[in-house]
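Student: My questions will all concern the structure given below.
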Amino acid sequence: MRLLGRVIQTFFRYLLSKVSVIIFLIILLGGFFVVSKDLEDFLQTPVNLPEDGIVLEIKPGMTIDDVVGILRSKNIIRNALYFKWYARFTGDASKLKVGEYALLPEMYPLELLSIITSGRVLQYNFTIIEGWNFSQLRQALEKSPHLNQTLKGLSNEEVMAAIGLEGRPYEGYFLPDTYLFPKNYSDAELLKRSYTAMNEVVDQAWATRQPNLPIKNKGELLTLASIVEKETGVASERPEIAGVFVRRLQKGMRLQTDPTVIYGLGDRYRGVIYKSDLQKDTPYNTYTRDGLPPTPIAMPSREAIYAAANPKPGKTLYFVAKGDGSGEHLFSETLEQHNRAVKQYRDRVRGKQQ
């Protein structure tokens with residue numbers, strides 16, 4: 001009888017242990033299901049961001065815990081623990097990239113994690129305007145709020161040395177364009193990049209230039225292009241204006257172009273060119289000196305550079321503004337034709353003033 005009791009007791013203990021395991025497994029599976037469903041809902045629900053989004057900066061040395069702390073403090077993510085676990089489970093926790101990231105509304109947690117591990121950092125921009133001179137470029141750089149300022153107070157020659165181009169020319173040698181850059185980018189880095197870009201464009205233009213041009217080297221090509229740039233803002237006219245200057249050089253005629261005179265006057269330019277200005281000799285006065293000026297007078301666009309390398313053929317030797325507000329010019333083959341065009345221009349200007 002006692003033996004039977006012990007058997008029954010052992011059986012119930014065994015049965016109870018099995019039931020306990022089953023109950024535990026049911027609870028565990030139920031909990032896993034609840035957590036899985038909650039995690040799925042978390043991943044499929046947009047994060048909480050304002051309408052204009054925010055910028056999240058990941059600094060050197062930051063971990064996923066630091067990032068989650070920022071996101072939680074700004075109430076951006078609903079469940080910090082899920083975000084952290086998921087990042088560690090996928091291995092993304094160790095792939096954070098330093099930089100600034102634009103977080104936009106309707107972004108999901110997985111998109112947020114993808115962005116901050118992608119290196120697609122927020123980009124700022126700086127535009128070098130066609131026709132600027134180096135002084136104007138430096139002034140604009142100093143006003144840029146997103147560039148690290150490292151060149152303030154330096155002379156132009158010192159700036160060139162600071163960007164690793166000591167002794168190189170600076171006027172005209174930076175390519176007009178819009179440059180994108182991340183946070184902590186310096187003015188020196190941007191200048192070096194622009195200088196390199198300009199050299200690449202000049203190299204390409206020089207390699208495809210017309211034969212028998214009256215220019216000896218790439219520096220003279222850039223100088224001619226800078227004059228073309230300053231003479232017209234109408235892109236379609238650049239090859240024709242380049243053609244006028246090339247033919248004048250070939251014939252030994254002086255260029256007689258006002259932008260070079262203005263550049264040579266520097267701070268003495270009074271906003272209007274007077275007869276005395278045209279008579280005042282400077283290295284850049286193409287009314288008093290033959291050939292090209294010693295350096296470029298501005299930063300020419302790609303189009304002006306290619307126009308200088310491949311000028312439009314023809315017989316025109318003169319041009320004057322139409323004066324109708326279009327920015328276009330009248331081109332002439334002879335001085336007599338040119339004088340008539342100048343008279344038309346002056347008559348039109350006087351008519352507007354009356």
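So you can find residues: chains in the structure tokens are A, B, ... in the order shown, residues in each start at 1, and ligands are numbered from 1 in order.
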Can you pull out every residue from segment 188-303 of chain A that DSSP, working from the backbone, puts in helix (DSSP H, G or I), and format the result as a VMD selection string?

Tutor: chain A and resid 188 to 207 218 to 231 235 to 250 258 to 268 275 to 279 302 to 303

Student: Would you mind listing what lies within 10 Å of Glu189 of chain A as a PyMOL selection string, with only C-alpha atoms counted and same-chain residues fewer than 5 positions away left out?

Tutor: chain A and resi 147-148+150+162-163+181+194-195

Student: Go ahead and write the selection's residues with N, CA and C atoms as an mmCIF file, in the first residue's frame.

Tutor:
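The file below, part_36.cif, is the result:
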```cif
data_model
loop_
_atom_site.group_PDB
_atom_site.id
_atom_site.type_symbol
_atom_site.label_atom_id
_atom_site.label_comp_id
_atom_site.auth_asym_id
_atom_site.auth_seq_id
_atom_site.Cartn_x
_atom_site.Cartn_y
_atom_site.Cartn_z
ATOM 1 N N LEU A 147 31.186 77.605 -42.658
ATOM 2 C CA LEU A 147 32.572 77.231 -42.895
ATOM 3 C C LEU A 147 33.437 77.564 -41.687
ATOM 4 N N ASN A 148 34.363 76.695 -41.358
ATOM 5 C CA ASN A 148 35.353 77.026 -40.334
ATOM 6 C C ASN A 148 36.320 78.060 -40.910
ATOM 7 N N THR A 150 39.590 79.854 -41.235
ATOM 8 C CA THR A 150 41.004 79.654 -40.907
ATOM 9 C C THR A 150 41.914 80.638 -41.634
ATOM 10 N N ALA A 162 48.699 78.746 -47.345
ATOM 11 C CA ALA A 162 47.918 77.979 -46.366
ATOM 12 C C ALA A 162 47.167 76.818 -47.014
ATOM 13 N N ILE A 163 46.843 76.929 -48.296
ATOM 14 C CA ILE A 163 46.138 75.834 -48.965
ATOM 15 C C ILE A 163 47.102 74.957 -49.769
ATOM 16 N N PHE A 181 29.279 70.826 -48.757
ATOM 17 C CA PHE A 181 30.251 70.400 -47.754
ATOM 18 C C PHE A 181 29.548 70.122 -46.429
ATOM 19 N N SER A 194 38.167 74.192 -55.100
ATOM 20 C CA SER A 194 37.788 75.047 -56.228
ATOM 21 C C SER A 194 38.968 75.280 -57.159
ATOM 22 N N TYR A 195 40.149 75.450 -56.592
ATOM 23 C CA TYR A 195 41.359 75.654 -57.392
ATOM 24 C C TYR A 195 41.630 74.410 -58.255
#
```

Student: Quick one: everything within 12 Å of Glu158 of chain A, counting only C-alpha atoms, minus sequence neighbours fewer than 5 positions away in the same chain. Send it as a short mmCIF file (atom, residue, chain, number, x, y, z; two decimals) with C-alpha atoms, in the first residue's frame.

Tutor:
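Result file is around_30.cif:
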```cif
data_model
loop_
_atom_site.label_atom_id
_atom_site.label_comp_id
_atom_site.auth_asym_id
_atom_site.auth_seq_id
_atom_site.Cartn_x
_atom_site.Cartn_y
_atom_site.Cartn_z
CA THR A 150 41.00 79.65 -40.91
CA LEU A 151 42.16 82.29 -43.39
CA LYS A 152 40.99 85.59 -41.88
CA GLY A 153 43.65 88.23 -41.66
CA ILE A 163 46.14 75.83 -48.97
CA GLY A 164 49.40 74.27 -50.10
CA LEU A 165 49.85 76.41 -53.22
CA GLU A 166 52.58 78.79 -52.17
CA GLY A 167 53.70 81.07 -54.97
CA ARG A 168 50.84 80.10 -57.27
CA PRO A 169 48.63 82.78 -58.88
CA TYR A 170 45.24 83.37 -57.28
CA ALA A 188 40.87 76.49 -46.91
#
```

Student: Could you give me, as CSV, every segment 152-262 of chain A residue with an atom at most 10 Å from segment 300-321 of chain A, plus its closest atom pair and distance in Å to one decimal, counting only C-alpha atoms, rows ordered by chain then number?

Tutor:
```
residue,atom,partner,partner_atom,distance
A:Gly172,CA,A:Pro300,CA,6.7
A:Tyr173,CA,A:Pro300,CA,8.5
A:Phe174,CA,A:Pro300,CA,8.5
A:Leu175,CA,A:Ser301,CA,6.8
A:Pro176,CA,A:Ser301,CA,5.8
A:Asp177,CA,A:Ser301,CA,8.2
A:Met198,CA,A:Arg302,CA,8.5
A:Val201,CA,A:Arg302,CA,6.9
A:Val202,CA,A:Ile305,CA,7.0
A:Gln204,CA,A:Tyr306,CA,8.8
A:Ala205,CA,A:Tyr306,CA,5.6
A:Trp206,CA,A:Ala309,CA,6.5
A:Ala207,CA,A:Ala309,CA,9.0
A:Thr208,CA,A:Ala309,CA,7.4
A:Arg209,CA,A:Ala309,CA,4.5
A:Gln210,CA,A:Asn310,CA,5.5
A:Pro211,CA,A:Asn310,CA,9.1
A:Leu213,CA,A:Ala309,CA,8.0
A:Ile215,CA,A:Ala309,CA,9.3
A:Lys218,CA,A:Ala309,CA,9.7
A:Glu220,CA,A:Ala308,CA,9.8
A:Leu221,CA,A:Ala308,CA,6.5
A:Leu222,CA,A:Ile305,CA,6.5
A:Thr223,CA,A:Pro300,CA,8.7
A:Leu224,CA,A:Ala308,CA,6.3
A:Ala225,CA,A:Ile305,CA,4.9
A:Ser226,CA,A:Pro300,CA,4.7
A:Ile227,CA,A:Pro300,CA,8.1
A:Val228,CA,A:Ala304,CA,6.2
A:Glu229,CA,A:Pro300,CA,5.4
A:Lys230,CA,A:Pro300,CA,8.0
A:Glu231,CA,A:Ala321,CA,9.5
A:Thr232,CA,A:Ala321,CA,9.1
A:Gly233,CA,A:Ala304,CA,10.0
A:Ala235,CA,A:Glu303,CA,7.3
A:Ser236,CA,A:Glu303,CA,9.3
A:Glu237,CA,A:Ala307,CA,9.2
A:Arg238,CA,A:Ala307,CA,5.9
A:Pro239,CA,A:Ala307,CA,4.5
A:Glu240,CA,A:Lys312,CA,5.0
A:Ile241,CA,A:Pro311,CA,7.7
A:Ala242,CA,A:Pro311,CA,5.1
A:Gly243,CA,A:Pro311,CA,4.6
A:Val244,CA,A:Leu317,CA,4.9
A:Phe245,CA,A:Leu317,CA,7.3
A:Val246,CA,A:Pro311,CA,7.5
A:Arg247,CA,A:Leu317,CA,6.7
A:Arg248,CA,A:Leu317,CA,6.3
A:Lys251,CA,A:Leu317,CA,9.8
A:Met253,CA,A:Leu317,CA,9.3
A:Leu255,CA,A:Tyr318,CA,9.5
A:Gln256,CA,A:Tyr318,CA,9.7
```

Student: Please compute the atom CA of Pro46 of chain A-atom CA of Val67 of chain A distance, one decimal, in Å.

Tutor: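 Taking atom CA of Pro46 of chain A and atom CA of Val67 of chain A, their separation equals 17.5 Å.
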
Student: For segment 279-287 of chain A, list every protein, DNA or RNA residue within 6 Å, evaluated using only C-alpha atoms, and leave out those in the same chain fewer than 2 positions away; present the list as a list in words.

Tutor: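 Non-adjacent residues within range: Leu255, Gln256, Thr260, Val261, Gly264, Ser276, Asp277, Arg289 and Pro293 of chain A.
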
Student: Skip segment 107-119 of chain A itself and residues of its chain fewer than 5 positions away, then list as a ChimeraX atom specification all residues within 8 Å of it, counting only C-alpha atoms.

Tutor: /A:42-47,58,77,83,87,92,95-99,101

Student: Segment 152-298 of chain A: which residues are strand (DSSP E or B) by DSSP, as a PyMOL selection string?

Tutor: chain A and resi 178-181+186

Student: Export, as a compact mmCIF listing (two decimals), in the first residue's frame, the selected residues with N, CA, C and O atoms.

Tutor:
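The resulting again00.txt:
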```txt
# COMPACT_ATOMS: atom_id res chain seq x y z
N THR A 178 28.68 75.85 -57.33
CA THR A 178 28.13 75.65 -56.00
C THR A 178 28.77 74.41 -55.39
O THR A 178 28.70 73.32 -55.97
N TYR A 179 29.38 74.59 -54.23
CA TYR A 179 30.12 73.51 -53.57
C TYR A 179 29.37 73.07 -52.32
O TYR A 179 28.98 73.90 -51.49
N LEU A 180 29.16 71.76 -52.19
CA LEU A 180 28.51 71.19 -51.01
C LEU A 180 29.57 70.69 -50.04
O LEU A 180 30.62 70.18 -50.46
N PHE A 181 29.28 70.83 -48.76
CA PHE A 181 30.25 70.40 -47.75
C PHE A 181 29.55 70.12 -46.43
O PHE A 181 28.48 70.67 -46.14
N SER A 186 36.41 73.54 -43.77
CA SER A 186 37.10 74.83 -43.64
C SER A 186 37.10 75.61 -44.94
O SER A 186 36.94 75.04 -46.03
```

Student: Write out as a ChimeraX atom specification which residues come within 9 Å of Lys84 of chain A when counting only C-alpha atoms, dropping same-chain ones fewer than 6 positions away.

Tutor: /A:64-65,68,93

Student: Have a look at A:Asn75, A:Ser155, A:Thr127, A:Thr295 and name the one nearest to Leu141 of chain A; count only C-alpha atoms.

Tutor: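 Nearest to Leu141 of chain A: A:Thr127.
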
Student: For atom CA of Tyr86 of chain A and atom CA of Ser73 of chain A, determine how far apart the two atoms are, in Å to one decimal place.

Tutor: 19.0 Å
